[in-house]
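**Student:** I'd like to ask you about the structure that follows.
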Amino acid sequence: MARGILRIIVPALITTTLVAYERAPDLRSIDEAVALGQSRDEAVRRRFHQPYRINIGRPPLDYIDLVTPFRRVELAVEERARLGDRLFRQRDALTALAEHGDDLQIFVELSFHPQNTYVGVPPYIAALVPLDVPARIEPRGQQRIPRFGQRLGSGGTPLPYPIAPSLPSGGEPLTGATVIVTFDGQQLDPDAMYEVVVEESRKELSRTRIDLAKLR
C-alpha cells in the first residue's frame, strides 16, 4: 500500500510543486526532494531532471546542468540509492545542503575533438547576466575536471554528481571536461531570468537563457 501511495504522490510533486528557486528549502521541501530521489519510477525522476538540463550542441559545448539546493538533495538521495542505501533521512539532507548552502551550481559539459592536443582543460568559465539589469554576476568558485575516455552515467544519462578527476591510463587523449561553476544564491533573484554566458579566454562561446522561476 505504501509503495502505491508513493507512486501517486511523487508525480504529483513534480506537477504541482514546481516553484521558484529555493535558496533554503524548508523541511517540507526536503521531504519532497527525498521522495523524488527514492522513487523507483525512473520516468518520474527523468521528468524531474529535464528542466535542469539545457542542451547546447555547439562544439565543444554539449549541455549545461543546473543544480539548485532542492535538486542537490534529490541528487544526493539518488546517489545513495545507487550504492544500495535507501535510508536517506532529513539530517542527511541537511548535511548535503550544508556543504554548498544556497549556492547555484552550473555544470558545463564539454567534448573535445579526438585529435586535440590539450594537455589540460582550457580556461573555460561561465557567468550569469540578468535580462533586466546590465550587470554581470561572476562565480564565487569553479572547478575544471578533465575527462579521459567516455562520459560515464547511469542509463546513458549522466547526472551532475560531484566526481573525481579521471586519470589517463597512459597516452590517452583528453576527450572532454566538466566545468563546475558556483554562484552565491544570495546574489540571485529567485523569480528572474538570466543568461548563462560560457567563455574561453574572454571569447564568448555560448549564451543560454534560464528561468529560475521555473526551477526549484
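Residue numbering restarts at 1 for every chain of the C-alpha cells, chains are lettered A, B, ... in their displayed order, and ligands are numbered from 1 as they appear.
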Which of region 94-135 of chain A counts as alpha helix (DSSP H) under DSSP, as a PyMOL selection string please?

**Tutor:** chain A and resi 94-100

**Student:** Could you save those same residues with C-alpha atoms as a compact mmCIF listing (two decimals), in the first residue's frame?

**Tutor:**
```
# COMPACT_ATOMS: atom_id res chain seq x y z
CA LEU A 94 20.63 18.90 5.83
CA THR A 95 24.24 17.68 5.67
CA ALA A 96 24.11 17.69 1.87
CA LEU A 97 22.72 21.23 1.90
CA ALA A 98 25.26 22.50 4.42
CA GLU A 99 28.15 21.69 2.08
CA HIS A 100 27.06 24.23 -0.53
```

**Student:** Quick one: contact table of region 45-121 of chain A to region 17-33 of chain A, 12 Å max, nearest atom pair and distance in Å to one decimal per residue, counting only C-alpha atoms, chain and number order, as CSV?

**Tutor:**
```
residue,atom,partner,partner_atom,distance
A:Arg45,CA,A:Ala33,CA,10.5
A:Arg47,CA,A:Leu18,CA,11.8
A:Phe48,CA,A:Leu18,CA,9.3
A:His49,CA,A:Leu18,CA,11.7
A:Pro51,CA,A:Leu18,CA,10.4
A:Tyr52,CA,A:Tyr21,CA,11.4
A:Leu66,CA,A:Tyr21,CA,11.0
A:Val67,CA,A:Tyr21,CA,10.3
A:Thr68,CA,A:Tyr21,CA,7.1
A:Pro69,CA,A:Arg23,CA,6.5
A:Phe70,CA,A:Pro25,CA,6.3
A:Arg71,CA,A:Ala33,CA,7.0
A:Arg72,CA,A:Ala33,CA,8.7
A:Val73,CA,A:Ala33,CA,6.1
A:Glu74,CA,A:Ala33,CA,4.8
A:Leu75,CA,A:Ala33,CA,8.7
A:Ala76,CA,A:Ala33,CA,9.6
A:Val77,CA,A:Ala33,CA,8.2
A:Glu78,CA,A:Ala33,CA,10.1
A:Phe88,CA,A:Asp31,CA,10.1
A:Arg89,CA,A:Asp31,CA,8.6
A:Gln90,CA,A:Ile30,CA,7.0
A:Arg91,CA,A:Ile30,CA,9.9
A:Asp92,CA,A:Ile30,CA,10.2
A:Ala93,CA,A:Ile30,CA,6.9
A:Leu94,CA,A:Ile30,CA,8.3
A:Thr95,CA,A:Ile30,CA,11.6
A:Ala96,CA,A:Ile30,CA,10.8
A:Leu97,CA,A:Ala24,CA,8.5
A:Ala98,CA,A:Ala24,CA,10.1
A:His100,CA,A:Arg23,CA,10.8
A:Gly101,CA,A:Ala24,CA,7.6
A:Asp102,CA,A:Arg23,CA,4.8
A:Asp103,CA,A:Arg23,CA,7.5
A:Leu104,CA,A:Arg23,CA,8.5
```

**Student:** Just to be explicit: take each residue in the selection above, keep C-alpha atoms, and write the result as a compact mmCIF listing (two decimals), in the first residue's frame.

**Tutor:**
```txt
# COMPACT_ATOMS: atom_id res chain seq x y z
CA ARG A 45 12.92 11.11 -11.96
CA ARG A 47 10.89 14.20 -15.94
CA PHE A 48 12.07 15.99 -12.82
CA HIS A 49 15.61 16.42 -14.19
CA PRO A 51 14.12 21.34 -16.87
CA TYR A 52 17.56 21.49 -15.24
CA LEU A 66 21.76 23.40 -13.16
CA VAL A 67 21.95 22.25 -9.55
CA THR A 68 19.81 24.19 -7.09
CA PRO A 69 19.68 23.40 -3.34
CA PHE A 70 16.45 21.41 -3.85
CA ARG A 71 17.93 19.36 -6.68
CA ARG A 72 21.14 18.92 -4.70
CA VAL A 73 19.18 16.97 -2.10
CA GLU A 74 17.42 14.88 -4.74
CA LEU A 75 20.74 14.04 -6.41
CA ALA A 76 22.28 13.08 -3.08
CA VAL A 77 19.37 10.70 -2.46
CA GLU A 78 19.76 9.14 -5.92
CA PHE A 88 18.11 8.75 3.47
CA ARG A 89 16.86 10.95 6.32
CA GLN A 90 16.25 14.64 6.87
CA ARG A 91 19.55 15.01 8.72
CA ASP A 92 21.35 13.51 5.72
CA ALA A 93 19.64 16.08 3.50
CA LEU A 94 20.63 18.90 5.83
CA THR A 95 24.24 17.68 5.67
CA ALA A 96 24.11 17.69 1.87
CA LEU A 97 22.72 21.23 1.90
CA ALA A 98 25.26 22.50 4.42
CA HIS A 100 27.06 24.23 -0.53
CA GLY A 101 24.48 26.34 1.32
CA ASP A 102 22.23 28.29 -1.02
CA ASP A 103 24.63 28.10 -3.96
CA LEU A 104 23.51 27.58 -7.53
```

**Student:** DSSP on the backbone, strand (DSSP E or B) only: what residues of region 12-99 of chain A does that give? Format it as a PyMOL selection string.

**Tutor:** chain A and resi 53-58+61-67

**Student:** Save the residues we just selected, N, CA and C atoms, as an mmCIF file, in the first residue's frame?

**Tutor:**
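Just written: result-v2.cif:
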```cif
data_model
loop_
_atom_site.group_PDB
_atom_site.id
_atom_site.type_symbol
_atom_site.label_atom_id
_atom_site.label_comp_id
_atom_site.auth_asym_id
_atom_site.auth_seq_id
_atom_site.Cartn_x
_atom_site.Cartn_y
_atom_site.Cartn_z
ATOM 1 N N ARG A 53 18.404 20.546 -17.314
ATOM 2 C CA ARG A 53 19.430 20.302 -18.321
ATOM 3 C C ARG A 53 19.074 21.050 -19.597
ATOM 4 N N ILE A 54 20.041 21.805 -20.108
ATOM 5 C CA ILE A 54 19.833 22.588 -21.334
ATOM 6 C C ILE A 54 20.875 22.152 -22.354
ATOM 7 N N ASN A 55 20.411 21.562 -23.428
ATOM 8 C CA ASN A 55 21.317 21.125 -24.484
ATOM 9 C C ASN A 55 21.820 22.324 -25.281
ATOM 10 N N ILE A 56 23.110 22.332 -25.561
ATOM 11 C CA ILE A 56 23.719 23.399 -26.353
ATOM 12 C C ILE A 56 24.114 22.867 -27.724
ATOM 13 N N GLY A 57 24.842 21.760 -27.748
ATOM 14 C CA GLY A 57 25.173 21.125 -29.017
ATOM 15 C C GLY A 57 25.984 21.983 -29.961
ATOM 16 N N ARG A 58 26.897 22.761 -29.383
ATOM 17 C CA ARG A 58 27.770 23.620 -30.183
ATOM 18 C C ARG A 58 29.207 23.343 -29.752
ATOM 19 N N LEU A 61 30.850 22.543 -26.581
ATOM 20 C CA LEU A 61 29.841 22.544 -25.520
ATOM 21 C C LEU A 61 28.727 21.552 -25.836
ATOM 22 N N ASP A 62 28.502 20.623 -24.919
ATOM 23 C CA ASP A 62 27.429 19.643 -25.092
ATOM 24 C C ASP A 62 26.131 20.134 -24.446
ATOM 25 N N TYR A 63 26.186 20.386 -23.150
ATOM 26 C CA TYR A 63 24.997 20.837 -22.416
ATOM 27 C C TYR A 63 25.431 21.424 -21.078
ATOM 28 N N ILE A 64 24.490 22.088 -20.428
ATOM 29 C CA ILE A 64 24.731 22.558 -19.069
ATOM 30 C C ILE A 64 23.678 21.949 -18.151
ATOM 31 N N ASP A 65 24.075 21.706 -16.915
ATOM 32 C CA ASP A 65 23.180 21.175 -15.889
ATOM 33 C C ASP A 65 23.135 22.169 -14.738
ATOM 34 N N LEU A 66 21.939 22.477 -14.279
ATOM 35 C CA LEU A 66 21.762 23.400 -13.163
ATOM 36 C C LEU A 66 21.473 22.607 -11.893
ATOM 37 N N VAL A 67 22.167 22.929 -10.819
ATOM 38 C CA VAL A 67 21.948 22.250 -9.547
ATOM 39 C C VAL A 67 21.587 23.292 -8.496
#
```

**Student:** Choose the residue, out of A:Val181, A:Val133, A:Val34, A:Leu205, that has the smallest atom-to-atom separation from Arg80 (chain A); count only C-alpha atoms.

**Tutor:** A:Val34

**Student:** So that I can see what lies close to region 141-145 of chain A, please list as a list in words the residues with an atom at most 7 Å from it, counting only C-alpha atoms and leaving out residues fewer than 2 positions away in the same chain.

**Tutor:**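 Listing them by chain and then by number gives Val121, Pro139, Arg147, Pro165, Ala177, Thr178, Val179, Ile180, Val181 and Thr182 of chain A.
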
**Student:** Could you write out the selected residues, including N, CA and C atoms, as a PDB file, in the first residue's frame?

**Tutor:**
```pdb
ATOM      1  N   VAL A 121      42.653  21.141 -19.240  1.00  0.00           N
ATOM      2  CA  VAL A 121      41.376  21.736 -19.626  1.00  0.00           C
ATOM      3  C   VAL A 121      41.587  23.220 -19.919  1.00  0.00           C
ATOM      4  N   PRO A 139      31.126  34.078 -10.840  1.00  0.00           N
ATOM      5  CA  PRO A 139      31.029  32.950  -9.911  1.00  0.00           C
ATOM      6  C   PRO A 139      31.883  33.156  -8.674  1.00  0.00           C
ATOM      7  N   ARG A 147      38.262  14.857 -18.510  1.00  0.00           N
ATOM      8  CA  ARG A 147      37.685  13.541 -18.776  1.00  0.00           C
ATOM      9  C   ARG A 147      38.539  12.823 -19.817  1.00  0.00           C
ATOM     10  N   PRO A 165      38.504  13.683 -10.599  1.00  0.00           N
ATOM     11  CA  PRO A 165      39.132  13.740 -11.920  1.00  0.00           C
ATOM     12  C   PRO A 165      39.527  12.348 -12.404  1.00  0.00           C
ATOM     13  N   ALA A 177      35.585  17.467 -20.659  1.00  0.00           N
ATOM     14  CA  ALA A 177      35.751  18.033 -19.320  1.00  0.00           C
ATOM     15  C   ALA A 177      34.396  18.437 -18.760  1.00  0.00           C
ATOM     16  N   THR A 178      34.377  18.580 -17.443  1.00  0.00           N
ATOM     17  CA  THR A 178      33.236  19.166 -16.744  1.00  0.00           C
ATOM     18  C   THR A 178      33.738  20.405 -16.020  1.00  0.00           C
ATOM     19  N   VAL A 179      33.137  21.545 -16.299  1.00  0.00           N
ATOM     20  CA  VAL A 179      33.474  22.778 -15.591  1.00  0.00           C
ATOM     21  C   VAL A 179      32.331  23.070 -14.626  1.00  0.00           C
ATOM     22  N   ILE A 180      32.630  23.074 -13.337  1.00  0.00           N
ATOM     23  CA  ILE A 180      31.618  23.317 -12.307  1.00  0.00           C
ATOM     24  C   ILE A 180      31.773  24.749 -11.821  1.00  0.00           C
ATOM     25  N   VAL A 181      30.750  25.558 -12.054  1.00  0.00           N
ATOM     26  CA  VAL A 181      30.784  26.984 -11.706  1.00  0.00           C
ATOM     27  C   VAL A 181      29.749  27.235 -10.606  1.00  0.00           C
ATOM     28  N   THR A 182      30.179  27.872  -9.518  1.00  0.00           N
ATOM     29  CA  THR A 182      29.329  28.059  -8.347  1.00  0.00           C
ATOM     30  C   THR A 182      28.995  29.529  -8.149  1.00  0.00           C
TER      31      THR A 182
END
```

**Student:** Using only C-alpha atoms, which protein or nucleic acid residues come within 8 Å of Tyr194 (chain A)? Drop anything in the same chain fewer than 6 positions from it, and give the result as a list in words.

**Tutor:** Leu128, Val129, Pro130, Leu131, Arg209, Ile210, Asp211 and Leu212 of chain A

**Student:** Which residue gives the smallest distance to Ser111 (chain A) among A:Leu215, A:Val198, A:Leu174, A:Ile125, with only C-alpha atoms counted?

**Tutor:**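 Residue with the minimum atom-to-atom distance to Ser111 (chain A): A:Leu174.
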
**Student:** Compare A:Leu159, A:Ala213, A:Leu36, A:Val108 by their minimum atom-to-atom distance to Leu188 (chain A), counting only C-alpha atoms, and give me the closest one.

**Tutor:**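 Of the candidates, the smallest distance to Leu188 (chain A) is held by A:Ala213.
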
**Student:** Choose the residue, out of A:Asp184, A:Glu138, A:Glu42, A:Glu172, that has the smallest atom-to-atom separation from Gln105 (chain A); count only C-alpha atoms.

**Tutor:**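 With only C-alpha atoms as the atom set, the closest residue is A:Asp184.
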
**Student:** Provide the CA of Arg140 (chain A) to CA of Asp191 (chain A) distance in Å, to one decimal place.

**Tutor:**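 Between these atoms lies a distance of 20.8 Å.
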